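Source file: input-v5.pdb (PDB, C-alpha atoms)
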```pdb
MODEL        1
ATOM      1  CA  MET A   1     -30.267   1.936 -39.842
ATOM      2  CA  LYS A   2     -31.088  -0.426 -36.984
ATOM      3  CA  GLY A   3     -27.935  -2.413 -37.738
ATOM      4  CA  LEU A   4     -25.854   0.752 -37.659
ATOM      5  CA  THR A   5     -27.433   1.762 -34.349
ATOM      6  CA  MET A   6     -26.770  -1.684 -32.888
ATOM      7  CA  LYS A   7     -23.145  -1.537 -34.012
ATOM      8  CA  ASN A   8     -22.725   1.895 -32.426
ATOM      9  CA  PHE A   9     -24.261   0.596 -29.212
ATOM     10  CA  GLN A  10     -21.994  -2.451 -29.190
ATOM     11  CA  GLY A  11     -18.993  -0.252 -29.909
ATOM     12  CA  LYS A  12     -19.827   2.039 -26.990
ATOM     13  CA  GLU A  13     -20.345  -0.944 -24.695
ATOM     14  CA  ALA A  14     -17.034  -2.481 -25.765
ATOM     15  CA  TRP A  15     -15.238   0.822 -25.142
ATOM     16  CA  ARG A  16     -16.908   1.230 -21.755
ATOM     17  CA  THR A  17     -15.990  -2.320 -20.769
ATOM     18  CA  MET A  18     -12.366  -1.789 -21.810
ATOM     19  CA  THR A  19     -12.029   1.514 -19.953
ATOM     20  CA  THR A  20     -13.607  -0.027 -16.850
ATOM     21  CA  ASN A  21     -11.645  -3.277 -16.747
ATOM     22  CA  TYR A  22      -8.325  -1.917 -17.946
ATOM     23  CA  SER A  23      -8.415   1.659 -16.665
ATOM     24  CA  HIS A  24      -5.308   1.035 -14.519
ATOM     25  CA  TRP A  25      -3.347  -0.102 -17.589
ATOM     26  CA  LEU A  26      -4.559   2.830 -19.686
ATOM     27  CA  SER A  27      -3.638   5.306 -16.936
ATOM     28  CA  PHE A  28      -0.235   3.704 -16.471
ATOM     29  CA  ILE A  29       0.576   3.787 -20.199
ATOM     30  CA  LEU A  30      -0.577   7.405 -20.481
ATOM     31  CA  LEU A  31       1.610   8.496 -17.562
ATOM     32  CA  LEU A  32       4.528   6.532 -18.978
ATOM     33  CA  VAL A  33       4.190   8.313 -22.305
ATOM     34  CA  VAL A  34       4.124  11.689 -20.536
ATOM     35  CA  ALA A  35       7.235  10.776 -18.527
ATOM     36  CA  ILE A  36       9.097   9.695 -21.666
ATOM     37  CA  ILE A  37       8.176  12.963 -23.405
ATOM     38  CA  VAL A  38       9.445  14.956 -20.419
ATOM     39  CA  SER A  39      12.604  12.858 -20.158
ATOM     40  CA  PRO A  40      13.584  10.513 -23.028
ATOM     41  CA  SER A  41      15.964   8.673 -20.673
ATOM     42  CA  PHE A  42      13.119   7.730 -18.333
ATOM     43  CA  LEU A  43      13.147   4.103 -19.490
ATOM     44  CA  SER A  44      16.805   3.563 -18.634
ATOM     45  CA  TRP A  45      17.423   0.560 -16.378
ATOM     46  CA  ASN A  46      18.809   2.726 -13.570
ATOM     47  CA  ASN A  47      15.726   4.929 -13.570
ATOM     48  CA  ILE A  48      13.316   1.992 -13.746
ATOM     49  CA  THR A  49      14.933   0.274 -10.772
ATOM     50  CA  ASN A  50      15.018   3.578  -8.919
ATOM     51  CA  GLN A  51      11.240   3.925  -9.341
ATOM     52  CA  PHE A  52      10.774   0.493  -7.800
ATOM     53  CA  VAL A  53      13.196   1.196  -4.954
ATOM     54  CA  GLN A  54      11.555   4.510  -4.108
ATOM     55  CA  GLY A  55       8.068   2.986  -4.139
ATOM     56  CA  ALA A  56       8.743  -0.465  -2.678
ATOM     57  CA  ILE A  57       8.129   0.181   1.030
ATOM     58  CA  VAL A  58       4.929   2.157   0.483
ATOM     59  CA  GLY A  59       3.971  -0.423  -2.148
ATOM     60  CA  ILE A  60       4.172  -3.273   0.357
ATOM     61  CA  CYS A  61       1.910  -1.277   2.698
ATOM     62  CA  ALA A  62      -0.454  -0.637  -0.225
ATOM     63  CA  MET A  63      -0.910  -4.386  -0.712
ATOM     64  CA  GLY A  64      -2.335  -4.621   2.799
ATOM     65  CA  MET A  65      -4.406  -1.488   2.248
ATOM     66  CA  SER A  66      -5.810  -3.033  -0.934
ATOM     67  CA  LEU A  67      -7.371  -5.878   1.070
ATOM     68  CA  ILE A  68      -8.733  -3.487   3.689
ATOM     69  CA  ILE A  69     -10.378  -1.189   1.143
ATOM     70  CA  SER A  70     -11.670  -4.139  -0.897
ATOM     71  CA  ALA A  71     -13.521  -5.216   2.253
ATOM     72  CA  GLY A  72     -15.102  -1.770   2.564
ATOM     73  CA  MET A  73     -12.826  -0.533   5.366
ATOM     74  CA  ILE A  74      -9.955   1.931   5.793
ATOM     75  CA  ASP A  75      -6.697   2.074   7.771
ATOM     76  CA  LEU A  76      -5.190   5.409   8.802
ATOM     77  CA  SER A  77      -2.594   3.899  11.141
ATOM     78  CA  VAL A  78      -0.174   2.695   8.463
ATOM     79  CA  GLY A  79       2.554   5.311   8.907
ATOM     80  CA  SER A  80       2.435   5.243  12.704
ATOM     81  CA  SER A  81       2.498   1.431  12.725
ATOM     82  CA  VAL A  82       5.580   1.414  10.492
ATOM     83  CA  ALA A  83       7.293   4.012  12.686
ATOM     84  CA  LEU A  84       6.519   2.137  15.909
ATOM     85  CA  ILE A  85       7.645  -1.238  14.590
ATOM     86  CA  SER A  86      10.796   0.067  12.897
ATOM     87  CA  GLY A  87      11.885   1.978  16.011
ATOM     88  CA  PHE A  88      11.444  -1.033  18.263
ATOM     89  CA  GLY A  89      12.974  -3.218  15.554
ATOM     90  CA  VAL A  90      16.201  -1.218  15.626
ATOM     91  CA  THR A  91      16.244  -1.544  19.417
ATOM     92  CA  ILE A  92      15.840  -5.329  19.136
ATOM     93  CA  LEU A  93      18.601  -5.478  16.512
ATOM     94  CA  ASN A  94      21.021  -3.528  18.682
ATOM     95  CA  SER A  95      20.219  -5.724  21.687
ATOM     96  CA  THR A  96      20.406  -9.137  20.015
ATOM     97  CA  HIS A  97      22.621  -8.479  16.964
ATOM     98  CA  SER A  98      20.320 -10.907  15.151
ATOM     99  CA  ILE A  99      18.738  -9.882  11.863
ATOM    100  CA  THR A 100      16.504 -12.965  11.898
ATOM    101  CA  LEU A 101      15.077 -12.171  15.340
ATOM    102  CA  THR A 102      14.555  -8.569  14.255
ATOM    103  CA  LEU A 103      12.611  -9.681  11.179
ATOM    104  CA  LEU A 104      10.470 -12.074  13.232
ATOM    105  CA  PHE A 105       9.822  -9.330  15.778
ATOM    106  CA  CYS A 106       8.751  -6.859  13.080
ATOM    107  CA  LEU A 107       6.403  -9.354  11.437
ATOM    108  CA  GLY A 108       4.962 -10.424  14.784
ATOM    109  CA  ALA A 109       4.560  -6.854  16.025
ATOM    110  CA  GLY A 110       2.826  -5.887  12.785
ATOM    111  CA  MET A 111       0.404  -8.800  13.123
ATOM    112  CA  LEU A 112      -0.306  -7.804  16.734
ATOM    113  CA  LEU A 113      -1.064  -4.183  15.811
ATOM    114  CA  GLY A 114      -3.263  -5.371  12.955
ATOM    115  CA  LEU A 115      -5.035  -7.807  15.282
ATOM    116  CA  ILE A 116      -5.743  -4.970  17.734
ATOM    117  CA  ASN A 117      -7.301  -2.903  14.934
ATOM    118  CA  GLY A 118      -9.304  -5.879  13.739
ATOM    119  CA  LEU A 119     -10.662  -6.788  17.176
ATOM    120  CA  LEU A 120     -11.627  -3.191  17.932
ATOM    121  CA  VAL A 121     -13.533  -3.077  14.642
ATOM    122  CA  THR A 122     -15.231  -6.469  14.975
ATOM    123  CA  LYS A 123     -15.652  -7.033  18.723
ATOM    124  CA  GLY A 124     -15.795  -3.378  19.705
ATOM    125  CA  ARG A 125     -18.180  -2.549  16.846
ATOM    126  CA  ILE A 126     -16.288   0.670  16.151
ATOM    127  CA  ALA A 127     -15.984   2.094  12.635
ATOM    128  CA  PRO A 128     -12.561   1.327  11.049
ATOM    129  CA  PHE A 129     -12.014   5.036  10.413
ATOM    130  CA  ILE A 130     -12.362   5.843  14.122
ATOM    131  CA  VAL A 131     -10.321   2.842  15.285
ATOM    132  CA  THR A 132      -7.377   3.475  12.997
ATOM    133  CA  LEU A 133      -7.502   7.230  13.596
ATOM    134  CA  ALA A 134      -7.112   6.491  17.306
ATOM    135  CA  THR A 135      -4.330   3.924  16.842
ATOM    136  CA  MET A 136      -2.549   6.251  14.411
ATOM    137  CA  SER A 137      -2.274   8.795  17.208
ATOM    138  CA  ALA A 138      -1.517   6.191  19.877
ATOM    139  CA  TRP A 139       1.299   4.375  18.051
ATOM    140  CA  ARG A 140       2.988   7.647  17.066
ATOM    141  CA  SER A 141       2.765   8.858  20.654
ATOM    142  CA  VAL A 142       4.363   5.646  21.957
ATOM    143  CA  ILE A 143       7.313   5.756  19.572
ATOM    144  CA  ASN A 144       7.861   9.465  20.228
ATOM    145  CA  GLN A 145       7.970   8.741  23.954
ATOM    146  CA  MET A 146      10.422   5.892  23.434
ATOM    147  CA  GLY A 147      12.640   7.978  21.178
ATOM    148  CA  GLN A 148      12.477  11.115  23.333
ATOM    149  CA  GLY A 149      12.956  13.261  20.257
ATOM    150  CA  GLY A 150      16.047  11.401  19.097
ATOM    151  CA  PRO A 151      16.542   8.767  16.386
ATOM    152  CA  PHE A 152      16.782   5.000  16.738
ATOM    153  CA  THR A 153      20.158   4.274  15.133
ATOM    154  CA  VAL A 154      21.616   0.907  14.147
ATOM    155  CA  ASP A 155      24.897   0.045  15.879
ATOM    156  CA  LYS A 156      28.047   0.267  13.777
ATOM    157  CA  THR A 157      28.692  -3.460  14.165
ATOM    158  CA  MET A 158      25.381  -4.272  12.446
ATOM    159  CA  TYR A 159      25.308  -1.386   9.982
ATOM    160  CA  ALA A 160      26.793  -3.103   6.902
ATOM    161  CA  PRO A 161      24.973  -6.484   7.008
ATOM    162  CA  PHE A 162      21.645  -4.913   7.973
ATOM    163  CA  ARG A 163      21.762  -2.159   5.366
ATOM    164  CA  ALA A 164      22.673  -4.674   2.663
ATOM    165  CA  LEU A 165      19.209  -6.229   2.979
ATOM    166  CA  ALA A 166      17.499  -3.144   1.572
ATOM    167  CA  ALA A 167      20.347  -1.531  -0.347
ATOM    168  CA  GLY A 168      21.816  -4.668  -1.921
ATOM    169  CA  ARG A 169      21.190  -6.212  -5.338
ATOM    170  CA  PHE A 170      20.722  -9.730  -6.667
ATOM    171  CA  LEU A 171      21.895 -10.225 -10.263
ATOM    172  CA  GLY A 172      21.673  -6.474 -10.726
ATOM    173  CA  ILE A 173      18.100  -6.273  -9.398
ATOM    174  CA  PRO A 174      17.617  -4.228  -6.196
ATOM    175  CA  HIS A 175      16.417  -6.250  -3.223
ATOM    176  CA  LEU A 176      13.579  -3.783  -2.585
ATOM    177  CA  MET A 177      12.329  -4.289  -6.133
ATOM    178  CA  ILE A 178      12.305  -8.048  -5.581
ATOM    179  CA  PHE A 179      10.472  -7.685  -2.270
ATOM    180  CA  LEU A 180       7.736  -5.553  -3.870
ATOM    181  CA  ILE A 181       7.230  -7.912  -6.807
ATOM    182  CA  VAL A 182       7.162 -11.044  -4.620
ATOM    183  CA  ILE A 183       4.740  -9.570  -2.058
ATOM    184  CA  SER A 184       2.497  -8.283  -4.848
ATOM    185  CA  PHE A 185       2.470 -11.706  -6.516
ATOM    186  CA  LEU A 186       1.715 -13.563  -3.271
ATOM    187  CA  THR A 187      -1.064 -11.129  -2.366
ATOM    188  CA  ALA A 188      -2.539 -11.442  -5.858
ATOM    189  CA  MET A 189      -2.546 -15.237  -5.496
ATOM    190  CA  LEU A 190      -4.170 -14.937  -2.068
ATOM    191  CA  MET A 191      -6.953 -12.780  -3.466
ATOM    192  CA  SER A 192      -7.562 -14.650  -6.718
ATOM    193  CA  LYS A 193      -6.866 -18.303  -5.895
ATOM    194  CA  THR A 194      -8.192 -18.792  -2.366
ATOM    195  CA  LYS A 195     -11.587 -18.755  -0.658
ATOM    196  CA  PHE A 196     -10.281 -16.027   1.615
ATOM    197  CA  GLY A 197      -9.944 -13.659  -1.341
ATOM    198  CA  THR A 198     -13.505 -14.415  -2.388
ATOM    199  CA  TYR A 199     -14.685 -13.752   1.163
ATOM    200  CA  VAL A 200     -12.883 -10.386   1.229
ATOM    201  CA  TYR A 201     -14.736  -9.173  -1.855
ATOM    202  CA  ALA A 202     -18.019 -10.634  -0.582
ATOM    203  CA  VAL A 203     -17.694  -8.762   2.711
ATOM    204  CA  GLY A 204     -16.866  -5.543   0.890
ATOM    205  CA  SER A 205     -19.776  -5.963  -1.499
ATOM    206  CA  ASN A 206     -22.527  -6.751   1.021
ATOM    207  CA  GLN A 207     -21.813  -7.735   4.622
ATOM    208  CA  GLN A 208     -25.350  -8.891   5.347
ATOM    209  CA  ALA A 209     -25.452 -11.114   2.271
ATOM    210  CA  ALA A 210     -22.005 -12.482   3.193
ATOM    211  CA  ARG A 211     -23.277 -13.419   6.679
ATOM    212  CA  LEU A 212     -26.376 -15.067   5.257
ATOM    213  CA  SER A 213     -24.201 -17.134   2.916
ATOM    214  CA  GLY A 214     -22.284 -18.548   5.878
ATOM    215  CA  ILE A 215     -19.189 -16.322   5.863
ATOM    216  CA  ASN A 216     -17.807 -15.389   9.280
ATOM    217  CA  VAL A 217     -17.539 -11.664   8.533
ATOM    218  CA  ASP A 218     -15.828 -10.739  11.813
ATOM    219  CA  ARG A 219     -13.157 -13.388  11.326
ATOM    220  CA  VAL A 220     -12.495 -12.244   7.758
ATOM    221  CA  LYS A 221     -12.141  -8.611   8.846
ATOM    222  CA  THR A 222      -9.786  -9.542  11.674
ATOM    223  CA  LEU A 223      -7.645 -11.658   9.349
ATOM    224  CA  ILE A 224      -7.514  -8.811   6.829
ATOM    225  CA  PHE A 225      -6.166  -6.367   9.404
ATOM    226  CA  THR A 226      -3.743  -9.000  10.708
ATOM    227  CA  TYR A 227      -2.383  -9.741   7.231
ATOM    228  CA  ALA A 228      -2.078  -6.035   6.479
ATOM    229  CA  GLY A 229      -0.287  -5.550   9.799
ATOM    230  CA  MET A 230       2.218  -8.266   8.867
ATOM    231  CA  LEU A 231       2.978  -6.379   5.647
ATOM    232  CA  TYR A 232       3.405  -3.150   7.631
ATOM    233  CA  GLY A 233       5.869  -5.047   9.813
ATOM    234  CA  LEU A 234       7.854  -6.146   6.763
ATOM    235  CA  ALA A 235       7.779  -2.569   5.456
ATOM    236  CA  ALA A 236       9.053  -1.328   8.833
ATOM    237  CA  PHE A 237      11.899  -3.860   8.748
ATOM    238  CA  LEU A 238      12.924  -2.766   5.254
ATOM    239  CA  LEU A 239      12.618   0.920   6.162
ATOM    240  CA  ALA A 240      14.928   0.431   9.128
ATOM    241  CA  SER A 241      17.347  -1.484   6.907
ATOM    242  CA  ARG A 242      17.324   1.202   4.242
ATOM    243  CA  LEU A 243      17.691   4.210   6.551
ATOM    244  CA  THR A 244      19.533   2.577   9.510
ATOM    245  CA  SER A 245      18.258   5.513  11.565
ATOM    246  CA  ILE A 246      14.580   5.933  12.381
ATOM    247  CA  GLN A 247      13.228   9.362  13.315
ATOM    248  CA  ALA A 248      10.311   8.712  15.657
ATOM    249  CA  ALA A 249       8.373  11.835  14.700
ATOM    250  CA  SER A 250       8.637  11.523  10.925
ATOM    251  CA  ALA A 251       9.248   7.870  10.002
ATOM    252  CA  GLY A 252       6.426   6.534   7.836
ATOM    253  CA  SER A 253       4.764   9.929   7.682
ATOM    254  CA  GLY A 254       2.163  10.059   4.901
ATOM    255  CA  TYR A 255       2.375   6.340   4.121
ATOM    256  CA  GLU A 256      -1.363   5.902   4.658
ATOM    257  CA  MET A 257      -2.188   8.608   2.110
ATOM    258  CA  ASP A 258       0.192   7.196  -0.486
ATOM    259  CA  ALA A 259      -1.126   3.675   0.070
ATOM    260  CA  ILE A 260      -4.748   4.818  -0.272
ATOM    261  CA  ALA A 261      -3.880   6.797  -3.412
ATOM    262  CA  ALA A 262      -2.143   3.776  -4.982
ATOM    263  CA  VAL A 263      -5.160   1.581  -4.259
ATOM    264  CA  ALA A 264      -7.617   4.185  -5.575
ATOM    265  CA  ILE A 265      -5.881   4.905  -8.874
ATOM    266  CA  GLY A 266      -5.259   1.181  -9.280
ATOM    267  CA  GLY A 267      -8.978   0.627  -9.772
ATOM    268  CA  THR A 268     -10.045  -0.752  -6.398
ATOM    269  CA  SER A 269     -13.518   0.486  -5.438
ATOM    270  CA  MET A 270     -13.375   2.745  -2.390
ATOM    271  CA  ASP A 271     -16.814   1.379  -1.461
ATOM    272  CA  GLY A 272     -15.424  -2.155  -1.315
ATOM    273  CA  GLY A 273     -16.382  -5.330  -3.130
ATOM    274  CA  LYS A 274     -14.116  -4.839  -6.117
ATOM    275  CA  GLY A 275     -10.363  -4.603  -6.434
ATOM    276  CA  LYS A 276      -7.250  -5.527  -8.348
ATOM    277  CA  ILE A 277      -3.884  -6.273  -6.745
ATOM    278  CA  LEU A 278      -2.231  -5.736 -10.124
ATOM    279  CA  GLY A 279      -3.978  -2.365 -10.245
ATOM    280  CA  THR A 280      -2.536  -1.451  -6.836
ATOM    281  CA  PHE A 281       0.916  -2.524  -8.032
ATOM    282  CA  LEU A 282       0.583  -0.261 -11.066
ATOM    283  CA  GLY A 283      -0.852   2.450  -8.816
ATOM    284  CA  VAL A 284       2.345   2.437  -6.754
ATOM    285  CA  LEU A 285       4.414   2.873  -9.909
ATOM    286  CA  MET A 286       2.062   5.589 -11.182
ATOM    287  CA  LEU A 287       2.578   7.570  -7.988
ATOM    288  CA  ARG A 288       6.339   7.318  -8.473
ATOM    289  CA  ILE A 289       6.062   8.378 -12.131
ATOM    290  CA  ILE A 290       3.913  11.367 -11.154
ATOM    291  CA  ASN A 291       6.434  12.327  -8.480
ATOM    292  CA  THR A 292       9.300  12.056 -10.960
ATOM    293  CA  VAL A 293       7.473  14.150 -13.573
ATOM    294  CA  LEU A 294       6.764  16.821 -10.949
ATOM    295  CA  ILE A 295      10.438  16.936 -10.007
ATOM    296  CA  MET A 296      11.440  17.240 -13.669
ATOM    297  CA  ALA A 297       8.905  20.062 -14.045
ATOM    298  CA  ASN A 298      10.481  21.854 -11.049
ATOM    299  CA  VAL A 299       7.284  21.677  -8.991
ATOM    300  CA  PRO A 300       8.067  22.357  -5.289
ATOM    301  CA  PRO A 301       8.188  19.091  -3.300
ATOM    302  CA  PHE A 302       5.931  20.624  -0.639
ATOM    303  CA  LEU A 303       3.052  20.284  -3.110
ATOM    304  CA  ASN A 304       3.313  16.481  -3.259
ATOM    305  CA  GLY A 305       0.625  16.166  -0.602
ATOM    306  CA  LEU A 306      -1.689  18.355  -2.666
ATOM    307  CA  VAL A 307      -1.108  16.178  -5.715
ATOM    308  CA  THR A 308      -1.799  13.001  -3.706
ATOM    309  CA  GLY A 309      -5.036  14.468  -2.372
ATOM    310  CA  VAL A 310      -6.168  15.500  -5.847
ATOM    311  CA  ILE A 311      -5.364  12.012  -7.180
ATOM    312  CA  ILE A 312      -7.552  10.381  -4.525
ATOM    313  CA  ILE A 313     -10.451  12.775  -5.187
ATOM    314  CA  VAL A 314     -10.257  12.322  -8.961
ATOM    315  CA  ALA A 315     -10.084   8.523  -8.621
ATOM    316  CA  VAL A 316     -13.115   8.424  -6.313
ATOM    317  CA  LEU A 317     -15.071  10.806  -8.568
ATOM    318  CA  ALA A 318     -14.296   8.603 -11.572
ATOM    319  CA  GLN A 319     -15.484   5.528  -9.681
ATOM    320  CA  SER A 320     -18.660   7.325  -8.584
ATOM    321  CA  THR A 321     -19.402   8.420 -12.145
ATOM    322  CA  LYS A 322     -18.992   4.880 -13.486
ATOM    323  CA  LYS A 323     -21.182   3.500 -10.700
ATOM    324  CA  ASN A 324     -23.953   5.995 -11.423
ATOM    325  CA  LYS A 325     -23.865   5.184 -15.113
TER
ENDMDL
END
```

How does the structure come out when it is put into structure tokens?
Amino acid sequence: MKGLTMKNFQGKEAWRTMTTNYSHWLSFILLLVVAIIVSPSFLSWNNITNQFVQGAIVGICAMGMSLIISAGMIDLSVGSSVALISGFGVTILNSTHSITLTLLFCLGAGMLLGLINGLLVTKGRIAPFIVTLATMSAWRSVINQMGQGGPFTVDKTMYAPFRALAAGRFLGIPHLMIFLIVISFLTAMLMSKTKFGTYVYAVGSNQQAARLSGINVDRVKTLIFTYAGMLYGLAAFLLASRLTSIQAASAGSGYEMDAIAAVAIGGTSMDGGKGKILGTFLGVLMLRIINTVLIMANVPPFLNGLVTGVIIIVAVLAQSTKKNK
């Protein structure tokens, strides 16, 4: 009887460990099965690449958000940062006719905006929620003023070569798909193979303990925001390339919610200290699968925000339940 009880206990522990460590894979497979049932052609190459293309720009932002949340922080300025950088990026492109300079500007501008957030959090001792809420409003206001209600449109002379960066393909693989996979891989390596990644999780787990162990917490936080800002800059560059016309008021709208949702359902703890870049990558794809299933089910697109909100709440509740257990 004792042996049977021990086996049952071990079986429950094994199941709990599997559902905890591989919850992002289980969720992804379950959603994939649902999508295939709804549409048997879901796994066609065209549809698979389309899922990557549709989710790539938000996915790149989610990689930066994954680091921020893993460190126990939050960033609400994602969409406004992308809008600001992409609008100015188009202006730089039209002025210089140089794609390289435009890319460097977008990356540099993203790092600067991230640095501002980081310094306000660390040197200003202001909560990340408050800082990024303020910069979300500020950056959107600036780009709206610059645009004066009108779009930032790429000149005809640069339209074809610039658009090809986001709309083109390499060996049949969309460029945006390649960008997402490469950025995800590099971020995963950063978090799993470097001391910086260890420091990020240490800061998110217990800041005081991290300080006592010799980690410069303020520097780590600032670097996290700066790295995330660089990714927002890349996302802004690709968004401008894909659309070739940036609407100041709406560009990047909702990106922060989608990025947070991808991170949450990917298994990263919203309290910090624990995260998976692979989980965030799968979370981005899960959001796209959910969106596709909703479209196939004829659910009004205006309810997408409701679905995203519910996903975040459910993910956080699941994490809270596991933590309590």

Please report as a Markdown table every residue of range 238-282 of chain A lying within 12 Å of range 131-154 of chain A, along with the nearest atom pair and their distance in Å (one decimal), using only C-alpha atoms.
```
| residue | atom | partner | partner_atom | distance |
| --- | --- | --- | --- | --- |
| A:Ala240 | CA | A:Val154 | CA | 8.4 |
| A:Ser241 | CA | A:Val154 | CA | 8.7 |
| A:Arg242 | CA | A:Val154 | CA | 10.8 |
| A:Leu243 | CA | A:Thr153 | CA | 8.9 |
| A:Thr244 | CA | A:Val154 | CA | 5.4 |
| A:Ser245 | CA | A:Thr153 | CA | 4.2 |
| A:Ile246 | CA | A:Phe152 | CA | 5.0 |
| A:Gln247 | CA | A:Pro151 | CA | 4.6 |
| A:Ala248 | CA | A:Asn144 | CA | 5.2 |
| A:Ala249 | CA | A:Asn144 | CA | 6.0 |
| A:Ser250 | CA | A:Arg140 | CA | 9.2 |
| A:Ala251 | CA | A:Arg140 | CA | 9.4 |
| A:Gly252 | CA | A:Arg140 | CA | 9.9 |
| A:Ser253 | CA | A:Arg140 | CA | 9.8 |
| A:Gly254 | CA | A:Met136 | CA | 11.3 |
| A:Tyr255 | CA | A:Met136 | CA | 11.4 |
| A:Glu256 | CA | A:Met136 | CA | 9.8 |
```

Which centre and edge lengths in Å to one decimal define the box along x, y and z that fits every listed atom of range 301-312 of chain A plus 5 Å per side, as lines of an AutoDock Vina configuration file?
```
center_x = 0.3
center_y = 15.5
center_z = -3.9
size_x = 25.7
size_y = 20.2
size_z = 16.6
```

Quick one: residues within 12 Å of Thr100 in chain A, only C-alpha atoms counted, chain neighbours fewer than 5 positions away excluded, as a PyMOL selection string? chain A and resi 89+92-93+105-107+161-162+165+237

Pick the closest to Phe129 in chain A from A:Ile74, A:Ala56, A:Leu287, A:Val314: which is it, counting all atoms listed in the file?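 Among A:Ile74, A:Ala56, A:Leu287, A:Val314, it is A:Ile74 that comes nearest to Phe129 in chain A.
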
Residue contacts of range 276-278 of chain A (10 Å, only C-alpha atoms) excluding same-chain residues fewer than 2 positions away, as a PyMOL selection string: chain A and resi 21+24-25+62-64+66-67+70+184-192+263+266-269+274+280-284

I'd like the interatomic distance between CA of Gly272 in chain A and CA of Ser205 in chain A, to a tenth of an Å. 5.8 Å

Calculate how many Å separate CA of Leu231 in chain A from CA of Ile85 in chain A, rounding to one decimal.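 Result for CA of Leu231 in chain A versus CA of Ile85 in chain A: 11.3 Å, one decimal.
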
If the PyMOL selection byres ((chain A and resi 158) around 9) were run on this exact file, what residues would it hold? Put them as a list in words.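 After applying the PyMOL selection byres ((chain A and resi 158) around 9), what remains is Leu93, Asn94, His97, Ser98, Ile99, Val154, Asp155, Lys156, Thr157, Tyr159, Ala160, Pro161, Phe162 and Arg163 of chain A.
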
Could you work out how far CA of Lys195 in chain A lies from CA of Val121 in chain A, giving the answer in Å with one decimal?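 Here the two named atoms are 22.0 Å from each other.
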
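Remark: for Val53 in chain A, the closest of the candidate residues A:Lys221, A:Lys123, A:Arg211, A:His175 is A:His175 (distances computed over only C-alpha atoms).
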
Sorted by chain and rising residue number, which residues of range 186-279 of chain A lie within 12 Å of range 290-294 of chain A, and what are their closest atom pairs and distances in Å to one decimal, counting all atoms listed in the file, as a tab-separated table?
```
residue	atom	partner	partner_atom	distance
A:Asp258	CA	A:Asn291	CA	11.4
A:Ala261	CA	A:Ile290	CA	11.9
A:Ala262	CA	A:Ile290	CA	11.5
A:Ile265	CA	A:Ile290	CA	12.0
```

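The residue set within 9 Å of Leu112 in chain A, counting only C-alpha atoms and dropping same-chain residues fewer than 3 places from it, reads Leu107, Gly108, Ala109, Leu115, Ile116, Asn117, Thr226, Gly229 and Met230 of chain A.
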
Residues just named, written with C-alpha atoms as an mmCIF file, in the frame of the given file:
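again08.cif, freshly written:
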```cif
data_model
loop_
_atom_site.group_PDB
_atom_site.id
_atom_site.type_symbol
_atom_site.label_atom_id
_atom_site.label_comp_id
_atom_site.auth_asym_id
_atom_site.auth_seq_id
_atom_site.Cartn_x
_atom_site.Cartn_y
_atom_site.Cartn_z
ATOM 1 C CA LEU A 107 6.403 -9.354 11.437
ATOM 2 C CA GLY A 108 4.962 -10.424 14.784
ATOM 3 C CA ALA A 109 4.560 -6.854 16.025
ATOM 4 C CA LEU A 115 -5.035 -7.807 15.282
ATOM 5 C CA ILE A 116 -5.743 -4.970 17.734
ATOM 6 C CA ASN A 117 -7.301 -2.903 14.934
ATOM 7 C CA THR A 226 -3.743 -9.000 10.708
ATOM 8 C CA GLY A 229 -0.287 -5.550 9.799
ATOM 9 C CA MET A 230 2.218 -8.266 8.867
#
```

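When all atoms listed in the file are used to compute distances to Ala164 in chain A, the closest of the residues A:Leu238, A:Val90, A:Leu180, A:Leu223 turns out to be A:Leu238.
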
Just the residues within 9 Å of range 213-215 of chain A, please, counting all atoms listed in the file, with nothing from its chain fewer than 3 positions along; format it as a VMD selection string. chain A and resid 199 202 to 203 208 to 210 218 to 220

Tell me, as an MDAnalysis selection string, which residues lie within 8 Å of Ala35 in chain A, counting only C-alpha atoms; anything in the same chain fewer than 3 positions away does not count. chainID A and resid 31:32 38:40 42 289 292:293

Of the candidates A:Met296, A:Ile173, A:Met270, A:Ile260, which shows the shortest atom-to-atom distance to Ile36 in chain A, using all atoms listed in the file?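 For Ile36 in chain A, the nearest of the given residues is A:Met296.
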